[in-house]
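Q: As input, take target39.pdb (PDB, C-alpha atoms and all ligand atoms):
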ATOM      1  CA  MET J 220     -22.097-132.842  91.742
ATOM      2  CA  SER J 221     -18.413-132.083  91.487
ATOM      3  CA  HIS J 222     -17.197-130.625  88.268
ATOM      4  CA  VAL J 223     -14.202-128.988  86.657
ATOM      5  CA  VAL J 224     -14.119-126.743  83.605
ATOM      6  CA  LEU J 225     -11.027-126.393  81.478
ATOM      7  CA  LYS J 226     -10.470-123.882  78.718
ATOM      8  CA  VAL J 227      -8.405-125.490  75.992
ATOM      9  CA  LYS J 228      -7.265-124.932  72.418
ATOM     10  CA  ASN J 229      -9.023-126.580  69.523
ATOM     11  CA  ASN J 230      -6.234-129.076  68.834
ATOM     12  CA  GLU J 231      -6.461-130.185  72.451
ATOM     13  CA  ILE J 232     -10.163-130.876  71.977
ATOM     14  CA  GLN J 233      -9.268-133.053  69.005
ATOM     15  CA  LYS J 234      -6.786-134.903  71.187
ATOM     16  CA  MET J 235      -9.475-135.376  73.807
ATOM     17  CA  ARG J 236     -11.936-136.645  71.232
ATOM     18  CA  GLN J 237      -9.358-139.187  70.136
ATOM     19  CA  TYR J 238      -8.516-140.129  73.695
ATOM     20  CA  TYR J 239     -12.155-140.665  74.626
ATOM     21  CA  GLN J 240     -13.178-142.164  71.295
ATOM     22  CA  THR J 241     -14.384-145.423  72.823
ATOM     23  CA  ASN J 242     -16.417-143.516  75.411
ATOM     24  CA  ILE J 243     -18.159-141.056  73.135
ATOM     25  CA  ILE J 244     -21.958-141.045  73.307
ATOM     26  CA  ASP J 245     -24.466-139.853  70.723
ATOM     27  CA  LYS J 246     -26.059-137.174  72.831
ATOM     28  CA  VAL J 247     -24.315-133.819  72.397
ATOM     29  CA  PRO J 248     -25.730-130.610  73.926
ATOM     30  CA  PRO J 249     -26.178-127.411  71.873
ATOM     31  CA  GLY J 250     -22.790-125.862  71.153
ATOM     32  CA  GLY J 251     -21.088-129.130  72.015
ATOM     33  CA  ILE J 252     -18.431-130.929  69.954
ATOM     34  CA  PHE J 253     -18.586-134.273  71.713
ATOM     35  CA  THR J 254     -19.724-135.889  74.924
ATOM     36  CA  ALA J 255     -17.970-138.883  76.429
ATOM     37  CA  LYS J 256     -18.885-140.934  79.461
ATOM     38  CA  THR J 257     -16.410-142.883  81.567
ATOM     39  CA  ASN J 258     -17.358-144.866  84.667
ATOM     40  CA  ASN J 259     -17.292-141.860  86.913
ATOM     41  CA  CYS J 260     -17.112-138.812  84.685
ATOM     42  CA  THR J 261     -18.974-137.168  81.834
ATOM     43  CA  ILE J 262     -16.806-135.049  79.576
ATOM     44  CA  THR J 263     -18.365-132.487  77.274
ATOM     45  CA  ALA J 264     -16.288-130.347  74.925
ATOM     46  CA  TYR J 265     -17.790-127.136  73.581
ATOM     47  CA  LYS J 266     -17.042-125.074  70.495
ATOM     48  CA  SER J 267     -16.134-122.248  72.865
ATOM     49  CA  GLY J 268     -13.077-124.270  73.905
ATOM     50  CA  LYS J 269     -14.499-125.082  77.293
ATOM     51  CA  VAL J 270     -14.465-128.673  78.423
ATOM     52  CA  LEU J 271     -16.741-129.667  81.256
ATOM     53  CA  PHE J 272     -15.888-132.637  83.466
ATOM     54  CA  GLN J 273     -18.787-133.761  85.651
ATOM     55  CA  GLY J 274     -19.077-136.466  88.252
ATOM     56  CA  ALA J 275     -17.059-138.111  90.983
ATOM     57  CA  GLY J 276     -14.081-138.588  88.670
ATOM     58  CA  SER J 277     -14.046-135.033  87.339
ATOM     59  CA  ALA J 278     -10.884-133.917  89.134
ATOM     60  CA  GLN J 279      -8.978-137.025  88.118
ATOM     61  CA  GLU J 280     -10.143-136.840  84.548
ATOM     62  CA  ALA J 281      -9.462-133.122  84.231
ATOM     63  CA  GLY J 282      -6.071-133.794  85.813
ATOM     64  CA  ILE J 283      -5.096-135.674  82.660
ATOM     65  CA  TRP J 284      -5.441-132.400  80.764
ATOM     66  CA  GLY J 285      -4.895-130.181  83.763
ATOM     67  CA  HIS J 286      -1.979-128.138  82.453
ATOM     68  CA  SER J 287      -4.600-125.946  80.793
ATOM     69  CA  GLU J 288      -5.956-122.802  82.274
ATOM     70  CA  ALA J 289      -8.769-123.610  84.649
ATOM     71  CA  ALA J 290     -12.100-121.867  84.707
ATOM     72  CA  SER J 291     -14.157-123.769  87.183
ATOM     73  CA  LYS J 292     -17.176-122.438  89.018
ATOM     74  CA  GLY J 293     -15.840-119.766  91.327
ATOM     75  CA  SER J 294     -12.679-120.011  89.232
ATOM     76  CA  THR J 295     -11.080-122.860  91.134
ATOM     77  CA  ASN J 296      -7.421-122.952  90.302
ATOM     78  CA  ILE J 297      -6.854-126.537  89.353
ATOM     79  CA  SER J 298      -3.095-126.144  89.300
ATOM     80  CA  LYS J 299      -3.561-126.410  93.052
ATOM     81  CA  ARG J 300      -4.507-129.696  94.601
ATOM     82  CA  VAL J 301      -8.076-130.667  93.864
ATOM     83  CA  ALA J 302      -9.928-132.823  96.332
ATOM     84  CA  VAL J 303     -13.255-134.233  95.287
ATOM     85  CA  LYS J 304     -15.310-133.612  98.357
ATOM     86  CA  LYS J 305     -18.352-135.617  97.469
ATOM     87  CA  ASP J 306     -16.484-138.790  96.788
ATOM     88  CA  ALA J 307     -15.991-140.202 100.286
ATOM     89  CA  GLY J 308     -12.364-139.151 100.318
ATOM     90  CA  LYS J 309     -11.491-141.553  97.532
ATOM     91  CA  VAL J 310      -9.736-139.052  95.387
ATOM     92  CA  ASP J 311      -7.119-136.688  96.613
ATOM     93  CA  LEU J 312      -4.725-136.354  93.750
ATOM     94  CA  PRO J 313      -2.578-133.450  92.656
ATOM     95  CA  ALA J 314      -4.603-131.831  89.879
ATOM     96  CA  ASN J 315      -1.626-131.883  87.510
ATOM     97  CA  ILE J 316      -0.839-135.510  88.289
ATOM     98  CA  GLY J 317      -1.184-136.502  84.636
ATOM     99  CA  ASN J 318       1.819-134.343  83.786
ATOM    100  CA  LEU J 319       4.228-135.315  86.542
ATOM    101  CA  SER J 320       7.253-137.593  86.337
ATOM    102  CA  LEU J 321       5.633-140.545  87.962
ATOM    103  CA  VAL J 322       5.957-144.195  88.916
ATOM    104  CA  GLY J 323       2.752-146.058  88.145
ATOM    105  CA  SER J 324       1.859-149.622  89.028
ATOM    106  CA  ASP J 325      -0.760-152.083  87.927
ATOM    107  CA  GLU J 326      -1.398-155.811  87.898
ATOM    108  CA  VAL J 327      -2.893-158.352  85.523
ATOM    109  CA  GLY J 328      -4.221-161.865  85.936
ATOM    110  CA  THR J 329      -5.975-161.619  89.289
ATOM    111  CA  GLY J 330      -9.355-162.544  87.831
ATOM    112  CA  ASP J 331      -8.051-165.207  85.470
ATOM    113  CA  TYR J 332      -8.270-168.817  86.592
ATOM    114  CA  PHE J 333      -5.339-169.824  84.411
ATOM    115  CA  GLY J 334      -2.039-168.024  84.426
ATOM    116  CA  PRO J 335       0.053-166.020  86.860
ATOM    117  CA  ILE J 336      -0.425-162.627  88.432
ATOM    118  CA  THR J 337       1.923-160.103  86.905
ATOM    119  CA  VAL J 338       2.628-156.749  88.520
ATOM    120  CA  VAL J 339       4.583-153.942  86.936
ATOM    121  CA  ALA J 340       5.733-150.604  88.274
ATOM    122  CA  ALA J 341       6.995-148.251  85.583
ATOM    123  CA  TYR J 342       8.600-144.822  85.673
ATOM    124  CA  VAL J 343       7.556-142.291  83.084
ATOM    125  CA  LYS J 344       9.285-138.937  83.052
ATOM    126  CA  LYS J 345       7.128-136.038  82.053
ATOM    127  CA  GLU J 346       9.265-135.368  78.983
ATOM    128  CA  ASN J 347       8.515-138.895  77.747
ATOM    129  CA  ILE J 348       4.738-138.513  77.960
ATOM    130  CA  PRO J 349       4.313-137.195  74.367
ATOM    131  CA  LEU J 350       6.479-140.003  72.997
ATOM    132  CA  LEU J 351       4.497-142.656  74.843
ATOM    133  CA  LYS J 352       1.262-141.156  73.569
ATOM    134  CA  GLU J 353       2.768-141.292  70.105
ATOM    135  CA  LEU J 354       3.569-144.989  70.598
ATOM    136  CA  GLY J 355      -0.065-145.624  71.436
ATOM    137  CA  VAL J 356       0.204-146.077  75.195
ATOM    138  CA  LYS J 357      -3.256-145.802  76.688
ATOM    139  CA  ASP J 358      -5.687-147.784  78.752
ATOM    140  CA  SER J 359      -4.752-151.397  78.019
ATOM    141  CA  LYS J 360      -8.368-152.495  78.284
ATOM    142  CA  ASN J 361      -8.895-150.750  74.949
ATOM    143  CA  LEU J 362      -6.032-152.618  73.268
ATOM    144  CA  ASN J 363      -5.995-156.158  71.928
ATOM    145  CA  ASP J 364      -3.164-158.577  72.736
ATOM    146  CA  GLU J 365      -1.470-157.994  69.399
ATOM    147  CA  LYS J 366      -1.323-154.241  69.973
ATOM    148  CA  ILE J 367      -0.217-154.773  73.582
ATOM    149  CA  ILE J 368       2.747-156.852  72.442
ATOM    150  CA  GLU J 369       3.717-154.326  69.789
ATOM    151  CA  ILE J 370       3.605-151.386  72.193
ATOM    152  CA  ALA J 371       5.231-153.285  75.059
ATOM    153  CA  LYS J 372       8.247-154.176  72.942
ATOM    154  CA  GLN J 373       8.779-150.503  72.184
ATOM    155  CA  ILE J 374       8.253-149.035  75.629
ATOM    156  CA  LYS J 375      10.384-151.704  77.340
ATOM    157  CA  GLU J 376      13.397-149.845  76.011
ATOM    158  CA  ILE J 377      12.235-146.396  77.062
ATOM    159  CA  VAL J 378      10.620-146.888  80.431
ATOM    160  CA  PRO J 379      12.466-148.134  83.523
ATOM    161  CA  TYR J 380      10.260-150.777  85.107
ATOM    162  CA  SER J 381      10.078-153.757  87.420
ATOM    163  CA  LEU J 382       8.047-156.817  86.518
ATOM    164  CA  LEU J 383       7.105-159.341  89.174
ATOM    165  CA  THR J 384       5.423-162.601  88.266
ATOM    166  CA  LEU J 385       3.603-164.681  90.845
ATOM    167  CA  HIS J 386       3.372-168.124  89.277
ATOM    168  CA  ASN J 387       0.481-170.392  90.070
ATOM    169  CA  GLU J 388       2.344-172.895  92.295
ATOM    170  CA  LYS J 389       3.538-170.116  94.569
ATOM    171  CA  TYR J 390       0.170-168.407  94.462
ATOM    172  CA  ASN J 391      -1.605-171.586  95.503
ATOM    173  CA  THR J 392       0.858-172.191  98.323
ATOM    174  CA  LEU J 393       0.418-168.663  99.660
ATOM    175  CA  GLN J 394      -3.340-168.880  99.277
ATOM    176  CA  LYS J 395      -3.476-172.176 101.185
ATOM    177  CA  SER J 396      -1.390-170.665 103.953
ATOM    178  CA  GLY J 397      -4.184-168.122 104.405
ATOM    179  CA  MET J 398      -2.864-165.167 102.473
ATOM    180  CA  THR J 399      -5.532-163.210 100.636
ATOM    181  CA  GLN J 400      -5.119-162.167  97.043
ATOM    182  CA  GLY J 401      -5.311-158.563  98.260
ATOM    183  CA  LYS J 402      -2.260-159.059 100.426
ATOM    184  CA  MET J 403      -0.348-160.763  97.623
ATOM    185  CA  LYS J 404      -1.070-157.827  95.372
ATOM    186  CA  ALA J 405      -0.056-155.281  97.993
ATOM    187  CA  LEU J 406       3.254-157.077  98.563
ATOM    188  CA  LEU J 407       3.923-157.253  94.828
ATOM    189  CA  HIS J 408       3.072-153.607  94.134
ATOM    190  CA  ASN J 409       5.186-152.419  97.047
ATOM    191  CA  LYS J 410       8.128-154.545  95.921
ATOM    192  CA  ALA J 411       7.864-153.532  92.256
ATOM    193  CA  ILE J 412       7.701-149.857  93.191
ATOM    194  CA  GLY J 413      10.719-150.249  95.470
ATOM    195  CA  ASN J 414      12.622-151.942  92.645
ATOM    196  CA  VAL J 415      11.923-149.106  90.239
ATOM    197  CA  LEU J 416      12.883-146.471  92.785
ATOM    198  CA  LYS J 417      16.223-148.254  93.213
ATOM    199  CA  LYS J 418      16.653-148.484  89.457
ATOM    200  CA  ILE J 419      16.205-144.755  88.872
ATOM    201  CA  THR J 420      18.040-143.546  91.948
ATOM    202  CA  PRO J 421      19.314-140.846  92.565
ATOM    203  CA  GLU J 422      16.428-139.543  90.521
ATOM    204  CA  LYS J 423      13.095-139.464  92.349
ATOM    205  CA  PRO J 424       9.605-139.461  90.904
ATOM    206  CA  GLU J 425       7.321-136.532  91.679
ATOM    207  CA  ALA J 426       4.596-138.987  92.612
ATOM    208  CA  ILE J 427       3.723-142.674  92.713
ATOM    209  CA  LEU J 428       0.307-143.804  91.550
ATOM    210  CA  ILE J 429      -1.106-147.255  92.239
ATOM    211  CA  ASP J 430      -4.072-148.498  90.299
ATOM    212  CA  GLN J 431      -6.263-148.966  93.315
ATOM    213  CA  PHE J 432      -7.346-152.482  94.226
ATOM    214  CA  ALA J 433      -7.758-151.751  97.942
ATOM    215  CA  LYS J 434      -8.264-148.643 100.006
ATOM    216  CA  LYS J 435      -5.096-146.994 101.209
ATOM    217  CA  ASP J 436      -5.395-148.133 104.831
ATOM    218  CA  VAL J 437      -6.171-151.697 103.759
ATOM    219  CA  TYR J 438      -3.183-151.630 101.416
ATOM    220  CA  TYR J 439      -0.837-150.475 104.154
ATOM    221  CA  GLY J 440      -2.433-152.939 106.559
ATOM    222  CA  HIS J 441      -1.320-155.703 104.216
ATOM    223  CA  LEU J 442       2.220-154.349 104.280
ATOM    224  CA  ARG J 443       2.522-154.211 108.041
ATOM    225  CA  GLY J 444       5.775-155.805 109.143
ATOM    226  CA  GLN J 445       7.470-155.442 105.766
ATOM    227  CA  ARG J 446      10.992-154.113 105.852
ATOM    228  CA  GLU J 447      10.675-151.562 103.090
ATOM    229  CA  ILE J 448       7.342-149.854 102.656
ATOM    230  CA  GLN J 449       6.923-147.176  99.991
ATOM    231  CA  ARG J 450       4.847-144.335 101.399
ATOM    232  CA  GLU J 451       6.317-141.124 100.080
ATOM    233  CA  ASN J 452       4.074-139.373  97.536
ATOM    234  CA  VAL J 453       2.043-142.528  96.999
ATOM    235  CA  TYR J 454      -1.444-142.009  95.587
ATOM    236  CA  PHE J 455      -4.214-144.457  94.898
ATOM    237  CA  SER J 456      -6.912-144.263  92.313
ATOM    238  CA  THR J 457      -9.162-146.582  90.421
ATOM    239  CA  LYS J 458      -8.877-146.276  86.632
ATOM    240  CA  ALA J 459      -5.399-144.919  87.226
ATOM    241  CA  GLU J 460      -4.286-145.986  83.759
ATOM    242  CA  SER J 461      -6.363-143.122  82.413
ATOM    243  CA  ILE J 462      -4.849-140.665  84.900
ATOM    244  CA  HIS J 463      -1.194-141.137  84.059
ATOM    245  CA  LEU J 464       0.567-142.905  81.218
ATOM    246  CA  ALA J 465       2.980-144.524  83.690
ATOM    247  CA  VAL J 466       0.115-146.653  84.954
ATOM    248  CA  ALA J 467      -1.024-147.318  81.391
ATOM    249  CA  ALA J 468       2.549-148.343  80.520
ATOM    250  CA  ALA J 469       2.737-150.551  83.620
ATOM    251  CA  SER J 470      -0.549-152.114  82.675
ATOM    252  CA  ILE J 471       0.639-152.818  79.122
ATOM    253  CA  LEU J 472       3.911-154.335  80.322
ATOM    254  CA  ALA J 473       2.074-156.465  82.885
ATOM    255  CA  ARG J 474      -0.366-157.682  80.254
ATOM    256  CA  TYR J 475       2.468-158.422  77.845
ATOM    257  CA  ALA J 476       4.153-160.599  80.471
ATOM    258  CA  PHE J 477       0.859-162.244  81.327
ATOM    259  CA  VAL J 478       0.118-163.028  77.674
ATOM    260  CA  ARG J 479       3.544-164.604  77.196
ATOM    261  CA  HIS J 480       3.223-166.766  80.306
ATOM    262  CA  PHE J 481      -0.233-167.702  79.190
ATOM    263  CA  GLU J 482       1.089-168.869  75.819
ATOM    264  CA  THR J 483       3.734-170.985  77.550
ATOM    265  CA  LEU J 484       1.059-172.530  79.748
ATOM    266  CA  SER J 485      -1.073-173.302  76.694
ATOM    267  CA  VAL J 486       1.876-175.094  75.101
ATOM    268  CA  LYS J 487       2.323-177.066  78.316
ATOM    269  CA  ALA J 488      -1.377-177.879  78.376
ATOM    270  CA  GLY J 489      -1.315-178.989  74.752
ATOM    271  CA  PHE J 490      -4.232-176.754  73.833
ATOM    272  CA  THR J 491      -5.170-173.092  74.014
ATOM    273  CA  LEU J 492      -6.252-172.133  77.499
ATOM    274  CA  PRO J 493      -9.027-169.559  77.758
ATOM    275  CA  LYS J 494      -8.661-166.363  79.776
ATOM    276  CA  GLY J 495     -11.066-165.221  82.454
ATOM    277  CA  ALA J 496     -13.048-167.477  84.735
ATOM    278  CA  GLY J 497     -16.152-168.374  82.740
ATOM    279  CA  ALA J 498     -17.748-171.598  81.543
ATOM    280  CA  GLY J 499     -15.119-172.131  78.836
ATOM    281  CA  VAL J 500     -12.519-172.118  81.585
ATOM    282  CA  ASP J 501     -14.410-174.832  83.501
ATOM    283  CA  LYS J 502     -14.347-177.028  80.402
ATOM    284  CA  ALA J 503     -10.661-176.403  79.733
ATOM    285  CA  ALA J 504      -9.831-177.214  83.357
ATOM    286  CA  ALA J 505     -11.885-180.411  83.084
ATOM    287  CA  ARG J 506      -9.898-181.360  80.011
ATOM    288  CA  LEU J 507      -6.649-180.728  81.884
ATOM    289  CA  ILE J 508      -7.826-182.880  84.783
ATOM    290  CA  HIS J 509      -8.920-185.589  82.356
ATOM    291  CA  GLU J 510      -5.655-185.608  80.445
ATOM    292  CA  LYS J 511      -3.087-184.796  83.129
ATOM    293  CA  GLY J 512      -4.768-185.575  86.428
ATOM    294  CA  VAL J 513      -5.983-183.193  89.088
ATOM    295  CA  GLY J 514      -2.441-182.956  90.460
ATOM    296  CA  ALA J 515      -1.431-180.927  87.420
ATOM    297  CA  LEU J 516      -3.881-178.115  88.135
ATOM    298  CA  PRO J 517      -1.776-176.065  90.590
ATOM    299  CA  THR J 518       0.799-175.459  87.865
ATOM    300  CA  PHE J 519      -1.805-173.947  85.593
ATOM    301  CA  ALA J 520      -4.464-172.352  87.715
ATOM    302  CA  LYS J 521      -5.528-170.509  90.834
ATOM    303  CA  VAL J 522      -7.105-173.598  92.317
ATOM    304  CA  HIS J 523      -9.225-171.922  94.992
ATOM    305  CA  PHE J 524     -11.426-170.356  92.296
ATOM    306  CA  ALA J 525     -14.890-171.923  91.995
ATOM    307  CA  ASN J 526     -13.866-173.150  88.523
ATOM    308  CA  THR J 527     -12.010-176.074  90.119
ATOM    309  CA  GLN J 528     -15.140-177.614  91.628
ATOM    310  CA  LYS J 529     -17.088-177.119  88.419
ATOM    311  CA  ALA J 530     -14.246-178.638  86.403
ATOM    312  CA  LEU J 531     -14.088-181.648  88.718
ATOM    313  CA  GLY J 532     -17.818-182.152  88.120
ATOM    314  CA  ILE J 533     -17.363-181.994  84.351
ATOM    315  CA  ALA J 534     -14.276-184.232  84.461
ATOM    316  CA  ALA J 535     -16.191-186.838  86.448
ATOM    317  CA  LYS J 536     -18.795-186.956  83.685
ATOM    318  CA  ILE J 537     -16.124-187.318  80.979
ATOM    319  CA  ARG J 538     -14.839-190.344  82.853
ATOM    320  CA  ASP J 539     -18.234-192.042  83.040
TER     321      ASP J 539
HETATM  322 MN    MN I 601      -5.503-152.509  87.834
END
Using structure tokens, write down the structure from this file.
Ligand code: MN

A:
Amino acid sequence: MSHVVLKVKNNEIQKMRQYYQTNIIDKVPPGGIFTAKTNNCTITAYKSGKVLFQGAGSAQEAGIWGHSEAASKGSTNISKRVAVKKDAGKVDLPANIGNLSLVGSDEVGTGDYFGPITVVAAYVKKENIPLLKELGVKDSKNLNDEKIIEIAKQIKEIVPYSLLTLHNEKYNTLQKSGMTQGKMKALLHNKAIGNVLKKITPEKPEAILIDQFAKKDVYYGHLRGQREIQRENVYFSTKAESIHLAVAAASILARYAFVRHFETLSVKAGFTLPKGAGAGVDKAAARLIHEKGVGALPTFAKVHFANTQKALGIAAKIRD
């Protein structure tokens, strides 16, 4: 199993404990301070100051803290590029990626029946990383909407970014024409990144990190034929919002935009629309169909989702 060991100061361990607080598990080995488990990495901090990262995501995860002196097995120098060999080539990120001046991009709304897709690319300079941490920028999945809005309003002023919103009508038109959601996302990410690069020019980021929704070759396959394709220093990783705060910031800004559009849609609907794509969504869609007619759906929803058929079934019963 791949692993990385970092030697860090005590205050850094406290920072890590805070950072991983939602991932901390009860089981701590002898001499350990805490153990945390993410999807693809187990992090154990020891009283000795050593922090062990184990699992497929170890290089990525250690990269967040990677400015520290490395002491891996065979004393791997993690200030050099770390490739995780066992992980089917998924990860090949600069080990210090968490500390670079970086453009990150992420999207929101792809799995929600109601509401648009929002994509944001954001540029975070390395000198702004401590400030963003201070403002509470972290993985948006661990933040509620209220907190997202609060943080977004603050970072909007600090971080150059590009927000693209794909409203439902357009989405449905593209989808009907045969475009996959994957391609839509690729086009949006590429465009948002290009916009940010223009915004910050002549400055250039040290790297670009896309929260991975498709493998690199699939992503670039989607972009074939586009006039401007961003390729230079572009990296892909899942869970990228925990690798660099630029992705976390992008994610927060995208969610902020999504939440605001969602509120507008709820006002239009006349009742609060639910997020996601579960049974509550079927019922809400049925109510929309009942009150506004099926023709209103494309304004509110991604109509090719299975929710539409279920909603039509429920709406038919309301009518009877
Ligand atoms: Mn994402």

Q: What would the selection look like, as number ranges by chain, if the PyMOL selection byres (((chain J and resi 320) around 7) and not hetatm) were run on the coordinates I just shared?

A: J: 318-319, 321, 343-345, 424-426

Q: What does the distance from atom CA of J:Ile244 to atom CA of J:Lys256 come to in Å, to one decimal?

A: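 Computing it gives 6.9 Å between the two atoms.
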
Q: Could you report the residues within 9 Å of ligand MN 601 (chain I), using all atoms listed in the file, as JSON, numbers by chain?

A: {"J": [324, 325, 326, 327, 429, 430, 431, 432, 457, 458, 459, 460, 466, 470]}

Q: Can you write just those residues out, C-alpha atoms, as a short mmCIF file (atom, residue, chain, number, x, y, z; two decimals), in the frame of the given file?

A:
data_model
loop_
_atom_site.label_atom_id
_atom_site.label_comp_id
_atom_site.auth_asym_id
_atom_site.auth_seq_id
_atom_site.Cartn_x
_atom_site.Cartn_y
_atom_site.Cartn_z
CA SER J 324 1.86 -149.62 89.03
CA ASP J 325 -0.76 -152.08 87.93
CA GLU J 326 -1.40 -155.81 87.90
CA VAL J 327 -2.89 -158.35 85.52
CA ILE J 429 -1.11 -147.26 92.24
CA ASP J 430 -4.07 -148.50 90.30
CA GLN J 431 -6.26 -148.97 93.32
CA PHE J 432 -7.35 -152.48 94.23
CA THR J 457 -9.16 -146.58 90.42
CA LYS J 458 -8.88 -146.28 86.63
CA ALA J 459 -5.40 -144.92 87.23
CA GLU J 460 -4.29 -145.99 83.76
CA VAL J 466 0.12 -146.65 84.95
CA SER J 470 -0.55 -152.11 82.68
#

Q: Can you give me, as a PyMOL selection string, the residues this file yields under the PyMOL selection byres (((chain J and resi 490) around 12) and not hetatm)?

A: chain J and resi 481-489+491-493+503-504+506-507+510

Q: Under the PyMOL selection byres (((chain J and resi 402) around 9) and not hetatm), which residues of this model are included? Write them out as a PyMOL selection string.

A: chain J and resi 398-401+403-407+437-438+440-442

Q: Which residues are near J:Pro248? Cut-off 12 Å, only C-alpha atoms, ignore same chain within fewer than 5 positions. Put them as a PDB file with C-alpha atoms, in the frame of the given file.

A:
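Final output, selection_34.pdb:
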ATOM      1  CA  PHE J 253     -18.586-134.273  71.713  1.00  0.00           C
ATOM      2  CA  THR J 254     -19.724-135.889  74.924  1.00  0.00           C
ATOM      3  CA  ALA J 255     -17.970-138.883  76.429  1.00  0.00           C
ATOM      4  CA  ILE J 262     -16.806-135.049  79.576  1.00  0.00           C
ATOM      5  CA  THR J 263     -18.365-132.487  77.274  1.00  0.00           C
ATOM      6  CA  ALA J 264     -16.288-130.347  74.925  1.00  0.00           C
ATOM      7  CA  TYR J 265     -17.790-127.136  73.581  1.00  0.00           C
ATOM      8  CA  LYS J 266     -17.042-125.074  70.495  1.00  0.00           C
ATOM      9  CA  LEU J 271     -16.741-129.667  81.256  1.00  0.00           C
TER      10      LEU J 271
END

Q: Closest to J:Leu351 among J:Ser267, J:Ala433, J:Gly330, J:Ala467, using all atoms listed in the file?

A: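 For J:Leu351, the nearest of the given residues is J:Ala467.
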
Q: Residues within 6 Å of (3.9, -144.2, 88.3), file coordinates, counting all atoms listed in the file: what are they? Give the list as a list in words.

A: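 Neighbouring residues, ordered by chain and number, come to Leu321, Val322, Gly323, Ser324, Ala341, Tyr342, Ile427, Leu428, Ala465 and Val466 of chain J.
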
Q: For J:Asn258, which of J:Lys494, J:Leu383, J:Ser461, J:Asn452 is the closest residue, counting all atoms listed in the file?

A: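 Between J:Lys494, J:Leu383, J:Ser461, J:Asn452, the residue approaching J:Asn258 most closely is J:Ser461.
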
Q: Pick from J:Ala275, J:Val378, J:Ile471, J:Val453: nearest to J:Lys418, with all atoms listed in the file counted?

A: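 Ranking J:Ala275, J:Val378, J:Ile471, J:Val453 by distance to J:Lys418, first place goes to J:Val378.
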
Q: With a distance cut-off of 9 Å and only C-alpha atoms, select the neighbouring residues of J:Gly274, excluding the residue or stretch itself and same-chain residues fewer than 5 positions from it, and output the selection as a list in words.

A: Met220, Ser221, His222, Asn259, Cys260 and Thr261 of chain J

Q: What is the atom CA of J:Ala468 to atom CA of J:Ile252 distance in Å?

A: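 Atom-to-atom, atom CA of J:Ala468 and atom CA of J:Ile252 are spaced 29.2 Å apart.
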
Q: If I take atom CA of J:Gly413 and atom CA of J:Lys372, how far is one from the other in Å, to one decimal?

A: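 Atom CA of J:Gly413 sits 23.0 Å away from atom CA of J:Lys372.
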
Q: Restricting the calculation to all atoms listed in the file, which member of J:Gly495, J:Gly250, J:Gly268, J:Pro335 is positioned closest to J:Gln233?

A: J:Gly268

Q: Identify which of the residues J:Thr384, J:Thr527, J:Ser277, J:Gln373 lies closest to J:His408, counting all atoms listed in the file when measuring atom-to-atom distances.

A: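 Of J:Thr384, J:Thr527, J:Ser277, J:Gln373, the one nearest J:His408, counting all atoms listed in the file, is J:Thr384.
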
Q: Just checking: using all atoms listed in the file, which residue out of J:Lys529, J:His463, J:Lys511, J:Lys234 ends up closest to J:Gly497?

A: J:Lys529

Q: Excluding J:Glu388 and any residue of its chain fewer than 2 positions from it, enumerate the residues within 12 Å of it, using all atoms listed in the file, and give them as a PyMOL selection string.

A: chain J and resi 333-336+384-386+390-395+514-523

Q: Need the axis-aligned box for stretch 498-511 of chain J with 5 Å each side, so what are the centre and edges in Å to one decimal, as JSON?

A:
{"center_x": -10.4, "center_y": -178.6, "center_z": 81.8, "size_x": 24.7, "size_y": 24.0, "size_z": 15.9}

Q: Taking (-1.3, -146.1, 70.7) in the coordinates of the supplied file, I want to know which residues reach to within 12 Å of it, counting all atoms listed in the file; could you give the answer as a PyMOL selection string?

A: chain J and resi 237-238+349-359+361-363+365-371+373-374+464+467-468+471
